[in-house]
Amino acid sequence: MKKNLLVTLLLIFSLGPVFSLRADEGMWLPQLLQAMNESEMKELGMKISAEDIYNINKSSLKDAIVSFGGYCTGEIISGEGLLLTNHHCGYSSIQSHSSVENDLLTEGFWAMSKEEEIPNSGLFVTFIVRIEDVTDQILEGIPYDAEEEKRQQLVRSRIEQIETNAVVGTHYEAKVKPFFYGNEYYMFVTETYKDVRLVGAPPSSIGKFGGDTDNWMFPRHAGDFSMFRVYSGPDGKPAEYSKDNIPLKPKYFLPISLKGIQPGDFTMVFGFPGRTEEYLTSFAVETLQNETNPNRIKIRDKKLSVLSEDMARDDEVRIKYSAKYASTANAWKKWIGQNKGLERLETIDQKRLLEKQFTDWANADPIREQRYADILPSFQEVYKERAKINLPNVYYREAFYGIEMMRLAARLNALTKIGLGTKEEKKALEKTKSYSEKYFKNYDFSTDKKLFVALMQMYLDNVDPSFYPDALKEGLSHHYNDLNKLADYIYQYSILSSEKKMDRFLDRFSEKKIKKLEEDEAFKIYRSFTEAYSRQIYPTLVDSQDEIGKLNREWLAGLREMMPEKRFYPDANSTLRLAYGQVKSYSPTDGVQYDYFTTLKGVMEKEDPSVDEFIVSQKLKDLYKAKDFGIYANEQGDLPVCFTATNHTTGGNSGSPILNAEGELIGLNFDRNWEGTMSDIQFDPVMCRNISVDIRYVLFVVDKFAGAGYLVDEMVLVKEKAGIVEN
Ligand code: ARG
Ligand code: ASP
């Protein structure tokens with residue numbers, strides 16, 4: 001008995017770093033909180049109940065949370081459908097209403113009445129109506145060792161049926177998703193509103209203050225928010241945009257706390273995290289850390305240096321490429337931080353240790369041995385197979401598709417696949433035309449040509465010649481094996497090289513045009529690359545993916561059996577999740593301790609009128625000098641701007657509300673710290689922090705800076721600690 005205890009303790013202890021029961025880690029399913037988390041949340045200081053967060057019989061917090069456009073999170077903050085999300089989430093909407101004469105991105109925008117709000121075609125928000133466990137219905141009667149293909153077929157058809165049945169006679173939609181790699185299935189019934197209007201956005205000098213330099217970093221000083229309003233039809237149901245639509249009457253909206261935050265305060269982040277991979281094996285992390293990340297970082301290093309050189313040289317290029325540069329740099333910087341974090345945590349070694357323990361555990365029992373002993377050797381095998389195409393795949397995605405002309409070629413290629421003269425073709429042609437128009441609006445042909453030369457060179461230098469596509473080899477041999485000469489030729493003569501040529505080409509699109517396209521040098525290279533990809537890379541990718549999917553399912557089943565006491569949370573998969581933690585500072589390196597919050601003083605300290613990212617508007621400076629912060633100042637009379645907490649978040653959590661123990665809004669999540677970006681693979685409570693903009697800064701900007709205080713009047717502000725409610 002004693003010995004057993006010791007063994008158990010040792011096991012728990014040694015597994016600690018990879019798998020531990022810590023409050024900070026995890027993205028939990030809202031309908032399971034009561035069973036899995038509520039008591040711990042209360043111990044940590046939560047004042048509300050799990051039912052206040054998720055309840056399908058009465059309104060609850062979840063009724064205020066939306067997936068914003070399918071890629072971010074937003075929350076409802078008034079009884080009239082007012083919605084808050086990040087500036088970088090509203091960015092493309094704001095940009096689409098901007099022109100040189102009326103630059104909403106740079107200047108900011110505030111509707112001074114509902115009439116001035118701007119519709120956004122294509123933008124939608126999705127509420128969760130209810131979540132159901134459908135695991136039994138999906139997996140019923142499927143034996144553990146069912147043939148994989150049969151199993152998948154059955155699962156697929158059951159999903160389809162369940163999804164259809166769930167929403168007959170309603171305007172809802174239903175989606176069943178796998179969790180724990182298909183050990184569990186949950187159905188999400190949703191309601192989507194399509195009339196979402198822009199209410200306001202701060203100028204970029206506030207919303208994107210610090211730009212790419214500060215991105216993924218703390219101390220942070222960005223007011224990363226924008227505001228929208230959701231409209232419904234006159235009957236309260238979702239409707240396409242119409243003048244006659246009315247502001248949404250939500251089932252619930254978030255009260256806003258002006259009480260401030262203290263270190264150690266309980267916090268929750270409620271939103272739609274996109275993707276994490278916490279249960280990867282050591283084999284997968286090895287490839288990612290030692291090959292995939294270093295190479296994609298290297299490719300983007302190159303791409304960014306080409307772009308920044310041209311952007312520095314030419315103002316027009318700078319404007320055209322600023323958004324592209326930002327998105328290229330965003331993932332690049334994350335991967336760098338991620339690799340550093342994985343190295344620091346020695347994740348691969350920790351994973352190996354866990355795998356060793358798993359193997360010992362499996363081998364200690366004949367039934368387990370039969371079920372689980374093969375899993376890790378099979379993983380090793382399949383990752384070895386996959387490794388053969390990993391590098392060509394990385395270069396295909398990052399280097400080949402890093403050239404913009406190749407993306408345009410992909411569009412044209414899709415067009416040639418649709419039957420001429422059909423209705424679909426007409427639609428596709430229109431779409432291609434508008435794509436092309438937008439494409440050339442932000443395109444510089446000489447910059448892209450430089451990218452072509454630089455990225456193709458990297459491809460040639462790093463990928464085994466057996467993967468080189470024929471057209472690239474031929475093209476090179478026609479041009480003295482000189483990439484520059486090949487690029488000169490393509491960027492001068494290709495149909496894809498200028499808007500004029502593209503317009504002419506798309507005008508009266510015909511069989512003859514397709515023939516002509518097929519002889520185009522750039523297009524030939526594009527096709528040759530994709531052809532080589534589908535022949536040499538794709539099959540291995542798909543086969544290994546299927547195999548890995550199956551192994552992951554078994555691996556997770558085994559891990560959960562091995563650690564029955566451990567609370568497992570499913571990887572993020574763009575479904576609604578709640579993370580909880582506390583307001584907390586951190587130490588990035590030895591001898592350095594960051595505070596848990598920043599103030600407007602830091603904005604002034606960072607100001608640099610000569611650098612775009614650090615411009616501060618006169619108005620903000622005046623308010624700062626006058627210390628005119630109104631009710632939004634903290635106890636010291638300073639204006640809080642951002643703060644850090646220990647909530648486990650990832651991409652897609654941007655715009656998520658960060659809530660206090662009472663379930664009131666205290667800020668908007670928008671980023672993580674650089675030292676913590678490995679949290680998608682391994683969460684480290686010591687180092688991982690989510691970064692939020694303080695709600696008091698948001699309201700200050702709306703009210704004091706933009707003069708749109710009428711919006712604040714719509715909201716419910718909680719100014720005092722419970723018990724002493726003011727006004
Ligand atoms: N790093 C954050 C995220 O992954 C914010 C990106 C937008 N902000 C920026 N300065 N680029 O999306
Ligand atoms: N900035 C990310 C987003 O846009 C959030 C993150 O990765 O932490 O969703």
# chains A, B, ... in the order shown; residues from 1 in each chain; ligands from 1
call {"tool": "closest_atom_pairs", "arguments": {"of": "chain A", "to": "ligand 1", "cutoff": "7 Å", "atoms": "only C-alpha atoms and all ligand atoms", "output": "tab-separated table"}}
result
residue	atom	partner	partner_atom_place_in_ligand_line	distance
A:His88	CA	ligand 1	7 (C)	5.3
A:Lys208	CA	ligand 1	10 (N)	5.7
A:Gly210	CA	ligand 1	10 (N)	6.7
A:Gly211	CA	ligand 1	10 (N)	4.0
A:Asp212	CA	ligand 1	10 (N)	4.5
A:Asp214	CA	ligand 1	10 (N)	6.7
A:Asn215	CA	ligand 1	10 (N)	4.6
A:Trp216	CA	ligand 1	1 (N)	5.0
A:Ala326	CA	ligand 1	11 (N)	5.2
A:Ser327	CA	ligand 1	11 (N)	6.6
A:Asn330	CA	ligand 1	1 (N)	5.8
A:Gly651	CA	ligand 1	4 (O)	5.6
A:Ser654	CA	ligand 1	12 (O)	6.5
A:Phe670	CA	ligand 1	5 (C)	6.1
A:Asp671	CA	ligand 1	2 (C)	4.6
A:Arg672	CA	ligand 1	1 (N)	6.9
call {"tool": "residues_near_ligand", "arguments": {"ligand": "ligand 2", "cutoff": "10 Å", "atoms": "only C-alpha atoms and all ligand atoms", "output": "ChimeraX atom specification"}}
result
/A:71-73,86-89,215-216,271-275,330-331,334,648-656,669-674,676-677,679-680,689-692
call {"tool": "select_by_dssp", "arguments": {"residues": "region 28-202 of chain A", "states": "helix (DSSP H, G or I)", "output": "VMD selection string"}}
result
chain A and resid 30 to 36 38 to 43 50 to 53 61 to 64 87 to 96 104 to 107 114 to 116 135 to 139 148 to 167 180 to 182
call {"tool": "residues_around", "arguments": {"residues": "region 256-267 of chain A", "least_positions_apart": "4", "cutoff": "8 Å", "atoms": "only C-alpha atoms", "output": "NGL selection string"}}
result
:A and (44-46 or 77 or 580-585 or 596 or 632 or 634 or 645 or 647 or 658-661 or 664-666 or 695-696 or 715-721)
call {"tool": "closest_atom_pairs", "arguments": {"of": "region 303-336 of chain A", "to": "region 454-477 of chain A", "cutoff": "12 Å", "atoms": "only C-alpha atoms", "output": "Markdown table"}}
result
| residue | atom | partner | partner_atom | distance |
| --- | --- | --- | --- | --- |
| A:Lys303 | CA | A:Leu455 | CA | 7.4 |
| A:Leu304 | CA | A:Ala454 | CA | 11.0 |
| A:Ser305 | CA | A:Ala454 | CA | 10.2 |
| A:Val306 | CA | A:Ala454 | CA | 8.2 |
| A:Leu307 | CA | A:Ala454 | CA | 11.2 |
call {"tool": "write_last_selection", "arguments": {"atoms": "C-alpha atoms", "output": "mmCIF file, in the first residue's frame"}}
result
data_model
loop_
_atom_site.group_PDB
_atom_site.id
_atom_site.type_symbol
_atom_site.label_atom_id
_atom_site.label_comp_id
_atom_site.auth_asym_id
_atom_site.auth_seq_id
_atom_site.Cartn_x
_atom_site.Cartn_y
_atom_site.Cartn_z
ATOM 1 C CA LYS A 303 10.263 37.810 -47.085
ATOM 2 C CA LEU A 304 10.102 40.472 -44.396
ATOM 3 C CA SER A 305 13.503 41.855 -45.294
ATOM 4 C CA VAL A 306 12.517 42.178 -48.963
ATOM 5 C CA LEU A 307 9.276 43.885 -47.982
#
call {"tool": "closest_residue", "arguments": {"among": "A:Asp145, A:Glu355, A:Asp63, A:Asp622", "to": "Trp555 (chain A)", "atoms": "only C-alpha atoms"}}
result
A:Glu355
call {"tool": "closest_residue", "arguments": {"among": "A:Phe529, A:Phe523, A:Phe509, A:Phe209", "to": "Ser617 (chain A)", "atoms": "only C-alpha atoms"}}
result
A:Phe209
call {"tool": "residues_around", "arguments": {"residues": "Leu415 (chain A)", "least_positions_apart": "5", "cutoff": "8 Å", "atoms": "only C-alpha atoms", "output": "PDB file with all heavy atoms, in the first residue's frame"}}
result
ATOM      1  N   GLU A 425     -19.835  29.659 -63.507  1.00  0.00           N
ATOM      2  CA  GLU A 425     -18.698  30.317 -64.118  1.00  0.00           C
ATOM      3  C   GLU A 425     -18.874  31.830 -64.077  1.00  0.00           C
ATOM      4  O   GLU A 425     -17.937  32.578 -63.803  1.00  0.00           O
ATOM      5  CB  GLU A 425     -18.510  29.832 -65.566  1.00  0.00           C
ATOM      6  CG  GLU A 425     -17.190  30.277 -66.173  1.00  0.00           C
ATOM      7  CD  GLU A 425     -17.348  31.169 -67.373  1.00  0.00           C
ATOM      8  OE1 GLU A 425     -18.493  31.510 -67.728  1.00  0.00           O
ATOM      9  OE2 GLU A 425     -16.340  31.551 -67.966  1.00  0.00           O
ATOM     10  N   ALA A 428     -18.133  32.932 -60.636  1.00  0.00           N
ATOM     11  CA  ALA A 428     -16.709  32.802 -60.345  1.00  0.00           C
ATOM     12  C   ALA A 428     -15.905  33.875 -61.074  1.00  0.00           C
ATOM     13  O   ALA A 428     -14.929  34.412 -60.538  1.00  0.00           O
ATOM     14  CB  ALA A 428     -16.221  31.415 -60.737  1.00  0.00           C
ATOM     15  N   LEU A 429     -16.345  34.188 -62.279  1.00  0.00           N
ATOM     16  CA  LEU A 429     -15.651  35.216 -63.056  1.00  0.00           C
ATOM     17  C   LEU A 429     -15.759  36.574 -62.352  1.00  0.00           C
ATOM     18  O   LEU A 429     -14.774  37.306 -62.220  1.00  0.00           O
ATOM     19  CB  LEU A 429     -16.246  35.274 -64.470  1.00  0.00           C
ATOM     20  CG  LEU A 429     -15.485  36.102 -65.498  1.00  0.00           C
ATOM     21  CD1 LEU A 429     -14.065  35.605 -65.685  1.00  0.00           C
ATOM     22  CD2 LEU A 429     -16.221  36.090 -66.838  1.00  0.00           C
ATOM     23  N   THR A 432     -13.509  36.522 -59.417  1.00  0.00           N
ATOM     24  CA  THR A 432     -12.104  36.644 -59.801  1.00  0.00           C
ATOM     25  C   THR A 432     -11.777  38.088 -60.165  1.00  0.00           C
ATOM     26  O   THR A 432     -10.713  38.601 -59.823  1.00  0.00           O
ATOM     27  CB  THR A 432     -11.792  35.721 -60.993  1.00  0.00           C
ATOM     28  OG1 THR A 432     -12.326  34.431 -60.717  1.00  0.00           O
ATOM     29  CG2 THR A 432     -10.305  35.605 -61.226  1.00  0.00           C
TER      30      THR A 432
END
call {"tool": "residues_around", "arguments": {"residues": "region 570-577 of chain A", "least_positions_apart": "5", "cutoff": "9 Å", "atoms": "only C-alpha atoms", "output": "PyMOL selection string"}}
result
chain A and resi 26-30+62+65-67+70-71+128+177-181+188+269-279+650+652+680
call {"tool": "closest_residue", "arguments": {"among": "A:Thr281, A:Ser544, A:Thr359, A:Asn552", "to": "Glu385 (chain A)", "atoms": "only C-alpha atoms"}}
result
A:Ser544
call {"tool": "select_by_dssp", "arguments": {"residues": "region 600-683 of chain A", "states": "strand (DSSP E)", "output": "PyMOL selection string"}}
result
chain A and resi 640-645+657-659+665-672
call {"tool": "residues_around", "arguments": {"residues": "Val155 (chain A)", "least_positions_apart": "5", "cutoff": "12 Å", "atoms": "only C-alpha atoms", "output": "PyMOL selection string"}}
result
chain A and resi 134-142+146+148-150+160-162+176-178+182-185
call {"tool": "atom_distance", "arguments": {"atom1": "CA of Ile403 (chain A)", "atom2": "CA of Leu517 (chain A)"}}
result
18.4 Å
call {"tool": "residues_around", "arguments": {"residues": "Glu38 (chain A)", "least_positions_apart": "3", "cutoff": "12 Å", "atoms": "only C-alpha atoms", "output": "ChimeraX atom specification"}}
result
/A:23,28-35,41-54,578,580
call {"tool": "closest_residue", "arguments": {"among": "A:Glu613, A:Glu107, A:Tyr325, A:Gly337", "to": "Glu309 (chain A)", "atoms": "only C-alpha atoms"}}
result
A:Tyr325
call {"tool": "atom_distance", "arguments": {"atom1": "CA of Thr644 (chain A)", "atom2": "CA of Glu346 (chain A)"}}
result
24.6 Å
call {"tool": "closest_residue", "arguments": {"among": "A:Gly108, A:Pro640, A:Pro219, A:Gly79", "to": "Lys251 (chain A)", "atoms": "only C-alpha atoms"}}
result
A:Gly79
call {"tool": "atom_distance", "arguments": {"atom1": "CA of His221 (chain A)", "atom2": "CA of Thr85 (chain A)"}}
result
16.8 Å
